[in-house]
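Visitor: The file below is model_29.txt, compact mmCIF, C-alpha atoms:
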```txt
# COMPACT_ATOMS: atom_id res chain seq x y z
CA MET A 1 -24.48 59.39 -119.20
CA PHE A 2 -21.74 60.34 -116.75
CA ARG A 3 -20.54 63.92 -117.16
CA CYS A 4 -17.12 64.75 -115.77
CA ILE A 5 -17.47 67.78 -113.53
CA TYR A 6 -13.88 68.85 -114.15
CA LYS A 7 -14.62 69.57 -117.75
CA THR A 8 -17.65 71.74 -117.16
CA PRO A 9 -17.22 75.42 -118.02
CA LEU A 10 -18.19 76.48 -114.51
CA PHE A 11 -15.49 74.38 -112.86
CA ALA A 12 -12.85 75.58 -115.29
CA ALA A 13 -13.81 79.22 -114.83
CA ASN A 14 -13.70 78.89 -111.08
CA ALA A 15 -10.32 77.15 -111.20
CA ALA A 16 -8.93 79.92 -113.40
CA LEU A 17 -10.23 82.52 -110.97
CA ASN A 18 -8.54 80.78 -108.06
CA LEU A 19 -5.24 80.66 -109.90
CA LYS A 20 -5.42 84.42 -110.36
CA LYS A 21 -5.85 85.06 -106.66
CA LYS A 22 -2.80 85.15 -104.49
CA SER A 23 -1.86 81.63 -103.54
CA ARG A 24 -3.51 80.56 -100.32
CA GLY A 25 -0.94 77.80 -99.91
CA LYS A 26 -1.49 74.84 -97.64
CA MET A 27 -2.68 75.21 -94.10
CA SER A 28 0.97 75.17 -92.98
CA LEU A 29 2.76 78.40 -92.16
CA SER A 30 3.98 80.41 -95.13
CA ALA A 31 7.13 82.51 -94.96
CA LYS A 32 4.90 85.58 -94.63
CA ASP A 33 2.95 84.03 -91.75
CA LYS A 34 6.20 83.32 -89.89
CA GLU A 35 7.46 86.88 -90.46
CA THR A 36 4.18 88.32 -89.27
CA VAL A 37 4.17 86.19 -86.11
CA LYS A 38 7.79 86.99 -85.29
CA ALA A 39 7.33 90.74 -85.83
CA PHE A 40 4.18 90.89 -83.74
CA TRP A 41 5.67 88.75 -80.98
CA ALA A 42 8.70 91.02 -80.79
CA LYS A 43 6.32 93.93 -80.15
CA VAL A 44 4.37 92.19 -77.41
CA SER A 45 6.93 90.07 -75.62
CA GLY A 46 7.63 92.86 -73.14
CA ARG A 47 4.23 92.11 -71.62
CA ALA A 48 4.59 88.35 -71.90
CA GLY A 49 3.93 87.73 -68.22
CA ASP A 50 0.68 89.71 -68.22
CA ILE A 51 -0.44 88.08 -71.46
CA GLY A 52 0.10 84.56 -70.15
CA SER A 53 -1.49 85.25 -66.80
CA ASP A 54 -4.55 86.95 -68.27
CA ALA A 55 -5.02 84.23 -70.91
CA VAL A 56 -4.98 81.45 -68.31
CA ALA A 57 -7.28 83.45 -66.00
CA ARG A 58 -9.78 83.99 -68.80
CA MET A 59 -9.60 80.36 -69.84
CA LEU A 60 -10.47 79.23 -66.30
CA THR A 61 -13.32 81.76 -66.02
CA VAL A 62 -14.85 81.46 -69.47
CA TYR A 63 -14.36 77.69 -69.87
CA PRO A 64 -14.74 76.37 -66.32
CA GLN A 65 -14.28 72.77 -67.48
CA THR A 66 -10.57 73.61 -67.86
CA LYS A 67 -10.34 73.95 -64.08
CA THR A 68 -10.44 70.15 -63.88
CA TYR A 69 -6.76 70.09 -64.78
CA PHE A 70 -5.77 72.27 -61.85
CA SER A 71 -7.51 70.70 -58.87
CA HIS A 72 -4.10 70.59 -57.18
CA TRP A 73 -3.87 74.39 -57.04
CA LYS A 74 -4.83 76.20 -53.87
CA ASP A 75 -6.17 79.23 -55.68
CA LEU A 76 -7.63 79.38 -59.20
CA SER A 77 -8.73 83.00 -59.11
CA PRO A 78 -7.46 85.51 -61.69
CA GLY A 79 -4.22 87.11 -60.57
CA SER A 80 -3.47 84.38 -58.03
CA ALA A 81 0.07 83.07 -57.70
CA PRO A 82 -0.53 79.68 -59.38
CA VAL A 83 -2.36 81.36 -62.29
CA ARG A 84 0.42 83.91 -62.79
CA LYS A 85 3.07 81.26 -62.57
CA HIS A 86 1.38 78.94 -65.01
CA GLY A 87 0.67 81.80 -67.39
CA GLY A 88 4.36 82.61 -67.32
CA ILE A 89 5.33 79.02 -68.11
CA VAL A 90 2.90 78.77 -71.00
CA ILE A 91 3.88 82.07 -72.55
CA ALA A 92 7.59 81.29 -72.23
CA SER A 93 7.01 78.08 -74.20
CA ILE A 94 5.15 80.01 -76.86
CA THR A 95 7.97 82.55 -77.13
CA ASP A 96 10.36 79.64 -77.49
CA ALA A 97 8.17 78.17 -80.23
CA VAL A 98 8.16 81.53 -82.07
CA ASN A 99 11.96 81.43 -82.06
CA LYS A 100 11.91 77.90 -83.43
CA ILE A 101 9.03 78.54 -85.79
CA ASP A 102 10.76 76.83 -88.69
CA ASP A 103 10.64 73.47 -87.02
CA LEU A 104 7.82 73.25 -84.53
CA ALA A 105 7.40 69.48 -84.55
CA GLU A 106 11.05 68.87 -83.71
CA SER A 107 11.43 71.62 -81.14
CA LEU A 108 8.23 70.70 -79.30
CA LEU A 109 9.00 67.00 -79.07
CA THR A 110 9.65 67.00 -75.32
CA LEU A 111 6.63 69.17 -74.56
CA SER A 112 4.50 66.94 -76.72
CA GLU A 113 5.60 63.87 -74.81
CA LEU A 114 4.90 65.67 -71.54
CA HIS A 115 1.36 66.56 -72.61
CA ALA A 116 0.74 63.11 -74.08
CA PHE A 117 1.98 60.82 -71.35
CA THR A 118 2.05 62.86 -68.16
CA LEU A 119 -0.38 65.75 -68.34
CA ARG A 120 -2.84 64.05 -70.71
CA VAL A 121 -4.59 67.31 -71.51
CA ASP A 122 -7.44 66.75 -73.95
CA PRO A 123 -6.16 68.43 -77.14
CA ALA A 124 -9.48 70.27 -77.53
CA ASN A 125 -8.23 72.53 -74.76
CA PHE A 126 -5.32 73.81 -76.85
CA LYS A 127 -7.86 75.52 -79.06
CA ILE A 128 -9.58 76.98 -76.02
CA LEU A 129 -6.37 78.44 -74.61
CA ALA A 130 -5.45 79.74 -78.09
CA GLN A 131 -8.76 81.59 -78.31
CA ASN A 132 -8.13 83.25 -74.97
CA ILE A 133 -4.61 84.23 -75.98
CA LEU A 134 -6.09 85.96 -79.04
CA VAL A 135 -8.67 87.77 -76.88
CA VAL A 136 -5.93 89.04 -74.54
CA LEU A 137 -3.80 90.19 -77.48
CA ALA A 138 -6.85 91.99 -78.93
CA THR A 139 -7.51 93.80 -75.65
CA MET A 140 -3.88 94.77 -75.11
CA PHE A 141 -2.79 95.55 -78.68
CA PRO A 142 -5.94 96.56 -80.56
CA VAL A 143 -4.09 98.53 -83.23
CA ASP A 144 -1.42 95.90 -83.94
CA PHE A 145 -3.89 93.02 -83.88
CA THR A 146 -4.86 93.51 -87.52
CA PRO A 147 -6.76 90.85 -89.51
CA GLU A 148 -3.45 89.80 -91.09
CA VAL A 149 -1.79 89.35 -87.69
CA HIS A 150 -4.93 87.60 -86.40
CA MET A 151 -4.77 85.09 -89.25
CA ALA A 152 -1.06 84.39 -88.91
CA LEU A 153 -1.39 83.91 -85.15
CA ASP A 154 -4.44 81.70 -85.55
CA LYS A 155 -2.48 79.50 -87.95
CA PHE A 156 0.60 79.51 -85.70
CA LEU A 157 -1.33 78.56 -82.57
CA GLY A 158 -3.07 75.84 -84.57
CA ALA A 159 0.29 74.51 -85.74
CA LEU A 160 1.52 74.62 -82.12
CA ALA A 161 -1.49 72.63 -81.00
CA ARG A 162 -0.90 70.05 -83.71
CA ALA A 163 2.77 69.73 -82.74
CA LEU A 164 1.76 69.30 -79.08
CA SER A 165 -0.72 66.57 -80.00
CA GLU A 166 1.88 64.66 -82.07
CA LYS A 167 2.70 62.04 -79.49
CA TYR A 168 -0.80 61.46 -78.13
CA ARG A 169 -1.56 58.33 -80.13
CA MET B 1 -33.93 76.73 -71.03
CA VAL B 2 -30.80 78.81 -70.61
CA GLU B 3 -30.15 80.05 -67.09
CA TRP B 4 -28.70 83.52 -66.82
CA THR B 5 -27.39 84.92 -63.58
CA ASP B 6 -28.22 88.55 -62.84
CA ALA B 7 -24.56 89.38 -63.35
CA GLU B 8 -24.59 87.78 -66.80
CA ARG B 9 -27.77 89.58 -67.87
CA SER B 10 -26.34 92.84 -66.69
CA ALA B 11 -22.98 92.26 -68.40
CA ILE B 12 -24.63 91.38 -71.72
CA THR B 13 -27.07 94.30 -71.81
CA SER B 14 -24.44 96.74 -70.60
CA LEU B 15 -21.91 95.62 -73.23
CA TRP B 16 -24.59 95.64 -75.94
CA GLY B 17 -25.45 99.21 -74.99
CA LYS B 18 -21.88 100.25 -75.74
CA ILE B 19 -21.60 98.44 -79.06
CA ASP B 20 -22.05 100.35 -82.32
CA VAL B 21 -23.32 97.69 -84.76
CA GLY B 22 -22.28 99.84 -87.70
CA GLU B 23 -18.71 99.71 -86.42
CA ILE B 24 -18.27 96.23 -84.94
CA GLY B 25 -20.42 94.41 -87.51
CA PRO B 26 -18.35 95.35 -90.56
CA GLN B 27 -15.10 94.72 -88.62
CA ALA B 28 -16.23 91.25 -87.59
CA LEU B 29 -17.43 90.17 -91.03
CA THR B 30 -14.27 91.58 -92.62
CA ARG B 31 -12.17 89.59 -90.19
CA LEU B 32 -14.16 86.43 -90.93
CA LEU B 33 -13.57 86.76 -94.67
CA ILE B 34 -9.85 87.49 -94.26
CA VAL B 35 -8.95 85.07 -91.48
CA TYR B 36 -11.21 82.24 -92.69
CA PRO B 37 -11.21 82.82 -96.44
CA TRP B 38 -13.29 79.73 -97.20
CA ALA B 39 -16.24 81.69 -95.77
CA GLN B 40 -16.11 83.79 -98.95
CA ARG B 41 -18.00 80.99 -100.67
CA TYR B 42 -21.27 82.51 -99.46
CA PHE B 43 -20.56 85.96 -100.83
CA LYS B 44 -19.95 85.52 -104.53
CA ALA B 45 -22.50 88.24 -105.21
CA PHE B 46 -20.50 90.76 -103.18
CA GLY B 47 -18.06 91.62 -105.95
CA ASP B 48 -14.35 92.00 -105.34
CA LEU B 49 -13.07 89.93 -102.41
CA SER B 50 -9.77 89.05 -104.04
CA THR B 51 -7.46 90.88 -101.64
CA ASN B 52 -7.62 91.89 -98.00
CA ALA B 53 -7.78 95.54 -99.07
CA ALA B 54 -10.69 94.74 -101.37
CA ILE B 55 -12.55 93.00 -98.56
CA MET B 56 -11.89 95.85 -96.13
CA GLY B 57 -13.14 98.42 -98.63
CA ASN B 58 -16.11 96.46 -99.93
CA PRO B 59 -19.36 98.33 -99.17
CA LYS B 60 -21.50 95.18 -99.46
CA VAL B 61 -19.37 93.50 -96.80
CA ALA B 62 -19.77 96.52 -94.55
CA GLN B 63 -23.53 96.68 -95.06
CA HIS B 64 -23.95 92.96 -94.47
CA GLY B 65 -21.78 93.07 -91.36
CA LYS B 66 -24.02 95.78 -89.97
CA THR B 67 -27.14 93.74 -90.78
CA VAL B 68 -25.85 90.57 -89.15
CA MET B 69 -24.62 92.38 -86.03
CA GLY B 70 -27.91 94.26 -85.79
CA GLY B 71 -29.66 90.91 -85.76
CA LEU B 72 -28.23 90.28 -82.30
CA GLU B 73 -30.53 93.00 -80.94
CA ASN B 74 -33.41 90.55 -80.98
CA ALA B 75 -31.45 88.09 -78.90
CA VAL B 76 -30.43 90.70 -76.33
CA LYS B 77 -34.08 91.73 -76.01
CA ASN B 78 -35.25 88.11 -75.70
CA LEU B 79 -32.58 86.50 -73.55
CA ASP B 80 -35.05 83.99 -72.15
CA ASN B 81 -36.38 82.90 -75.51
CA ILE B 82 -33.52 82.99 -78.00
CA LYS B 83 -34.35 79.54 -79.45
CA GLN B 84 -37.82 80.58 -80.51
CA THR B 85 -36.75 84.07 -81.55
CA TYR B 86 -34.25 82.67 -84.07
CA ALA B 87 -36.25 79.66 -85.32
CA LYS B 88 -37.17 81.26 -88.65
CA LEU B 89 -33.67 82.63 -89.18
CA SER B 90 -32.28 79.16 -88.54
CA VAL B 91 -34.57 77.62 -91.16
CA MET B 92 -33.54 80.32 -93.62
CA HIS B 93 -29.81 79.76 -93.09
CA SER B 94 -30.30 76.04 -93.55
CA GLU B 95 -32.87 75.75 -96.34
CA LYS B 96 -32.31 78.88 -98.34
CA LEU B 97 -28.74 80.04 -97.72
CA HIS B 98 -27.17 76.61 -97.12
CA VAL B 99 -24.61 78.00 -94.69
CA ASP B 100 -22.38 75.50 -92.88
CA PRO B 101 -23.26 76.24 -89.24
CA ASP B 102 -19.61 76.09 -88.17
CA ASN B 103 -19.42 79.55 -89.70
CA PHE B 104 -21.71 80.87 -86.95
CA ARG B 105 -19.23 79.73 -84.31
CA VAL B 106 -16.31 81.24 -86.16
CA LEU B 107 -18.09 84.55 -86.80
CA ALA B 108 -18.98 84.68 -83.09
CA GLU B 109 -15.26 84.39 -82.30
CA CYS B 110 -14.48 87.24 -84.68
CA ILE B 111 -17.20 89.37 -83.07
CA SER B 112 -15.73 88.70 -79.62
CA LEU B 113 -12.24 89.68 -80.78
CA CYS B 114 -13.50 92.94 -82.32
CA VAL B 115 -15.39 93.73 -79.13
CA ALA B 116 -12.29 92.88 -77.07
CA ALA B 117 -10.12 95.17 -79.19
CA LYS B 118 -12.66 97.99 -79.04
CA PHE B 119 -13.23 98.00 -75.28
CA GLY B 120 -9.94 96.74 -73.84
CA PRO B 121 -9.26 94.76 -70.67
CA SER B 122 -10.98 97.07 -68.18
CA VAL B 123 -14.39 96.79 -69.85
CA PHE B 124 -14.01 93.36 -71.48
CA THR B 125 -13.00 91.61 -68.26
CA ALA B 126 -12.90 87.83 -67.86
CA ASP B 127 -16.41 87.87 -66.35
CA VAL B 128 -17.80 90.03 -69.14
CA GLN B 129 -16.07 87.78 -71.68
CA GLU B 130 -17.71 84.76 -70.05
CA ALA B 131 -21.19 86.27 -70.21
CA TRP B 132 -20.74 87.59 -73.75
CA GLN B 133 -19.37 84.32 -75.15
CA LYS B 134 -22.13 82.37 -73.39
CA PHE B 135 -24.65 84.70 -75.02
CA LEU B 136 -23.12 84.21 -78.47
CA ALA B 137 -22.96 80.43 -77.93
CA VAL B 138 -26.70 80.42 -77.22
CA VAL B 139 -27.33 82.45 -80.38
CA VAL B 140 -25.14 80.08 -82.41
CA SER B 141 -26.96 77.08 -80.97
CA ALA B 142 -30.34 78.60 -81.84
CA LEU B 143 -29.17 79.24 -85.39
CA ARG B 144 -28.04 75.60 -85.72
CA ARG B 145 -31.19 74.20 -84.26
CA GLN B 146 -33.39 73.90 -87.34
CA TYR B 147 -30.76 72.23 -89.50
CA HIS B 148 -31.58 68.67 -90.42
```
Just give me the structure of the file as structure tokens.
Guide:
Amino acid sequence: MFRCIYKTPLFAANAALNLKKKSRGKMSLSAKDKETVKAFWAKVSGRAGDIGSDAVARMLTVYPQTKTYFSHWKDLSPGSAPVRKHGGIVIASITDAVNKIDDLAESLLTLSELHAFTLRVDPANFKILAQNILVVLATMFPVDFTPEVHMALDKFLGALARALSEKYR
Amino acid sequence: MVEWTDAERSAITSLWGKIDVGEIGPQALTRLLIVYPWAQRYFKAFGDLSTNAAIMGNPKVAQHGKTVMGGLENAVKNLDNIKQTYAKLSVMHSEKLHVDPDNFRVLAECISLCVAAKFGPSVFTADVQEAWQKFLAVVVSALRRQYH
């Protein structure tokens, strides 16, 4: 005889427990997430150049397969001119995205098309760069990089990656 | 078999020597449960995990974080044989604990971030990060290995 799982006491109890907890919401950014990201970014944006440069340098060192996208650079070593420059470009785009956090898909349309049709970066690499950005932020701002900030940033960078992948196929 | 350069071996053992498992372990597990709340599914017996404050103050979380982090000692001491060293643990996580192995990868990321925050950019350089993350990736792979 088929027994509907939704009517079992265990399922009901668990559902009631979940309702009592603060709402996790969808995987999209909540108002609190956006506030947290904006507040943290305001604190760190003074070191934006260093953050971008270090994140790209770490990405190239720790995940050497990412170097395949930069074979046209003369120098891929940490602190080199191309690495610093590219770090600056990436971080400026992220700062821009923070300012347009309420509508990432729309504001990243052009960048998405660039990555989709011209750069053709495998979207798996967005996650890799995001991880390195988090590492750099942890090293530079250990006190401000609380678990709450970590979560909001992780969600934000994930949303950024999704917006960048929009036009791929 | 995993190939370690001398620089990597040295970076891993040196970093491990600085790490206090009683400090980093609880931080890392706490972060996992807050940042990836679906991981809480494995810790129903731990009591109150309903708020971030509850998680951060939960003594069972702290104790378990220390245990898990301490488990890395075996890997550091057996860098050339991590697969074999963790075979039984892998079976246990699969057959007994039924842990989705993606959690190992995610916990490893949390560990790296806690280590990064603790030691800063002059100790946790790009090269040290490379060696450390490679080490954790090998551990994660060994823990996944007996799943079927």
Visitor: Show me, as a short mmCIF file (atom, residue, chain, number, x, y, z; two decimals) with C-alpha atoms, keeping the file's coordinate frame, the residues that have an atom within 12 Å of Tyr36 of chain B when counting only C-alpha atoms, minus same-chain residues fewer than 6 positions from it.
Guide:
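File around-v7.cif, as written:
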```cif
data_model
loop_
_atom_site.label_atom_id
_atom_site.label_comp_id
_atom_site.auth_asym_id
_atom_site.auth_seq_id
_atom_site.Cartn_x
_atom_site.Cartn_y
_atom_site.Cartn_z
CA ARG A 24 -3.51 80.56 -100.32
CA MET A 27 -2.68 75.21 -94.10
CA PRO A 147 -6.76 90.85 -89.51
CA GLU A 148 -3.45 89.80 -91.09
CA HIS A 150 -4.93 87.60 -86.40
CA MET A 151 -4.77 85.09 -89.25
CA ALA A 152 -1.06 84.39 -88.91
CA ASP A 154 -4.44 81.70 -85.55
CA LYS A 155 -2.48 79.50 -87.95
CA ALA B 28 -16.23 91.25 -87.59
CA LEU B 29 -17.43 90.17 -91.03
CA THR B 30 -14.27 91.58 -92.62
CA ASN B 52 -7.62 91.89 -98.00
CA ASP B 102 -19.61 76.09 -88.17
CA ASN B 103 -19.42 79.55 -89.70
CA ARG B 105 -19.23 79.73 -84.31
CA VAL B 106 -16.31 81.24 -86.16
CA LEU B 107 -18.09 84.55 -86.80
CA GLU B 109 -15.26 84.39 -82.30
CA CYS B 110 -14.48 87.24 -84.68
#
```
Visitor: Find the residues around His148 of chain B up to 12 Å (only C-alpha atoms counted), leave out those fewer than 5 positions away in its own chain, and share them as a list in words.
Guide: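 Here the answer would be Ser90, Val91, His93, Ser94, Glu95, His98, Asp100, Pro101 and Leu143 of chain B.
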Visitor: For chain B, which residues have at least one atom within 12 Å of chain A, if we go by only C-alpha atoms? Write them as a compact mmCIF listing (two decimals) with C-alpha atoms, in the frame of the given file, please.
Guide:
```txt
# COMPACT_ATOMS: atom_id res chain seq x y z
CA GLU B 8 -24.59 87.78 -66.80
CA GLN B 27 -15.10 94.72 -88.62
CA ALA B 28 -16.23 91.25 -87.59
CA LEU B 29 -17.43 90.17 -91.03
CA THR B 30 -14.27 91.58 -92.62
CA ARG B 31 -12.17 89.59 -90.19
CA LEU B 32 -14.16 86.43 -90.93
CA LEU B 33 -13.57 86.76 -94.67
CA ILE B 34 -9.85 87.49 -94.26
CA VAL B 35 -8.95 85.07 -91.48
CA TYR B 36 -11.21 82.24 -92.69
CA PRO B 37 -11.21 82.82 -96.44
CA TRP B 38 -13.29 79.73 -97.20
CA ARG B 41 -18.00 80.99 -100.67
CA LYS B 44 -19.95 85.52 -104.53
CA ASP B 48 -14.35 92.00 -105.34
CA LEU B 49 -13.07 89.93 -102.41
CA SER B 50 -9.77 89.05 -104.04
CA THR B 51 -7.46 90.88 -101.64
CA ASN B 52 -7.62 91.89 -98.00
CA ALA B 53 -7.78 95.54 -99.07
CA ILE B 55 -12.55 93.00 -98.56
CA MET B 56 -11.89 95.85 -96.13
CA VAL B 106 -16.31 81.24 -86.16
CA ALA B 108 -18.98 84.68 -83.09
CA GLU B 109 -15.26 84.39 -82.30
CA CYS B 110 -14.48 87.24 -84.68
CA ILE B 111 -17.20 89.37 -83.07
CA SER B 112 -15.73 88.70 -79.62
CA LEU B 113 -12.24 89.68 -80.78
CA CYS B 114 -13.50 92.94 -82.32
CA VAL B 115 -15.39 93.73 -79.13
CA ALA B 116 -12.29 92.88 -77.07
CA ALA B 117 -10.12 95.17 -79.19
CA LYS B 118 -12.66 97.99 -79.04
CA PHE B 119 -13.23 98.00 -75.28
CA GLY B 120 -9.94 96.74 -73.84
CA PRO B 121 -9.26 94.76 -70.67
CA SER B 122 -10.98 97.07 -68.18
CA VAL B 123 -14.39 96.79 -69.85
CA PHE B 124 -14.01 93.36 -71.48
CA THR B 125 -13.00 91.61 -68.26
CA ALA B 126 -12.90 87.83 -67.86
CA ASP B 127 -16.41 87.87 -66.35
CA VAL B 128 -17.80 90.03 -69.14
CA GLN B 129 -16.07 87.78 -71.68
CA GLU B 130 -17.71 84.76 -70.05
CA ALA B 131 -21.19 86.27 -70.21
CA TRP B 132 -20.74 87.59 -73.75
CA GLN B 133 -19.37 84.32 -75.15
CA LYS B 134 -22.13 82.37 -73.39
CA PHE B 135 -24.65 84.70 -75.02
CA ALA B 137 -22.96 80.43 -77.93
```
Visitor: So the first atom is atom CA of Lys167 of chain A and the second is atom CA of Leu114 of chain A; what is the distance between them in Å, to one decimal place?
Guide: 9.0 Å
Visitor: Neighbouring residues of Val21 of chain B were defined as those with any atom within 8 Å, considering only C-alpha atoms; residues of the same chain fewer than 6 positions away were excluded. Please report them as a PyMOL selection string.
Guide: chain B and resi 66+69-70
Visitor: Select segment 148-159 of chain A in the preceding structure and write N, CA and C atoms to a file as a short mmCIF file (atom, residue, chain, number, x, y, z; two decimals), in the first residue's frame.
Guide:
```
data_model
loop_
_atom_site.label_atom_id
_atom_site.label_comp_id
_atom_site.auth_asym_id
_atom_site.auth_seq_id
_atom_site.Cartn_x
_atom_site.Cartn_y
_atom_site.Cartn_z
N GLU A 148 29.46 35.39 8.30
CA GLU A 148 28.32 36.02 7.62
C GLU A 148 28.76 36.71 6.33
N VAL A 149 29.89 37.43 6.42
CA VAL A 149 30.42 38.11 5.24
C VAL A 149 30.85 37.08 4.20
N HIS A 150 31.50 36.02 4.67
CA HIS A 150 31.94 34.92 3.80
C HIS A 150 30.75 34.38 3.01
N MET A 151 29.64 34.12 3.71
CA MET A 151 28.48 33.55 3.03
C MET A 151 27.91 34.52 2.00
N ALA A 152 27.75 35.77 2.39
CA ALA A 152 27.17 36.76 1.47
C ALA A 152 28.05 36.93 0.23
N LEU A 153 29.36 36.96 0.45
CA LEU A 153 30.29 37.11 -0.69
C LEU A 153 30.25 35.88 -1.58
N ASP A 154 30.20 34.70 -0.95
CA ASP A 154 30.16 33.47 -1.72
C ASP A 154 28.92 33.46 -2.62
N LYS A 155 27.79 33.88 -2.05
CA LYS A 155 26.56 33.94 -2.84
C LYS A 155 26.68 34.99 -3.95
N PHE A 156 27.23 36.15 -3.60
CA PHE A 156 27.36 37.23 -4.58
C PHE A 156 28.26 36.83 -5.74
N LEU A 157 29.42 36.24 -5.42
CA LEU A 157 30.33 35.83 -6.49
C LEU A 157 29.71 34.73 -7.34
N GLY A 158 28.90 33.87 -6.71
CA GLY A 158 28.19 32.84 -7.45
C GLY A 158 27.17 33.47 -8.40
N ALA A 159 26.45 34.49 -7.90
CA ALA A 159 25.47 35.18 -8.74
C ALA A 159 26.16 35.89 -9.90
#
```
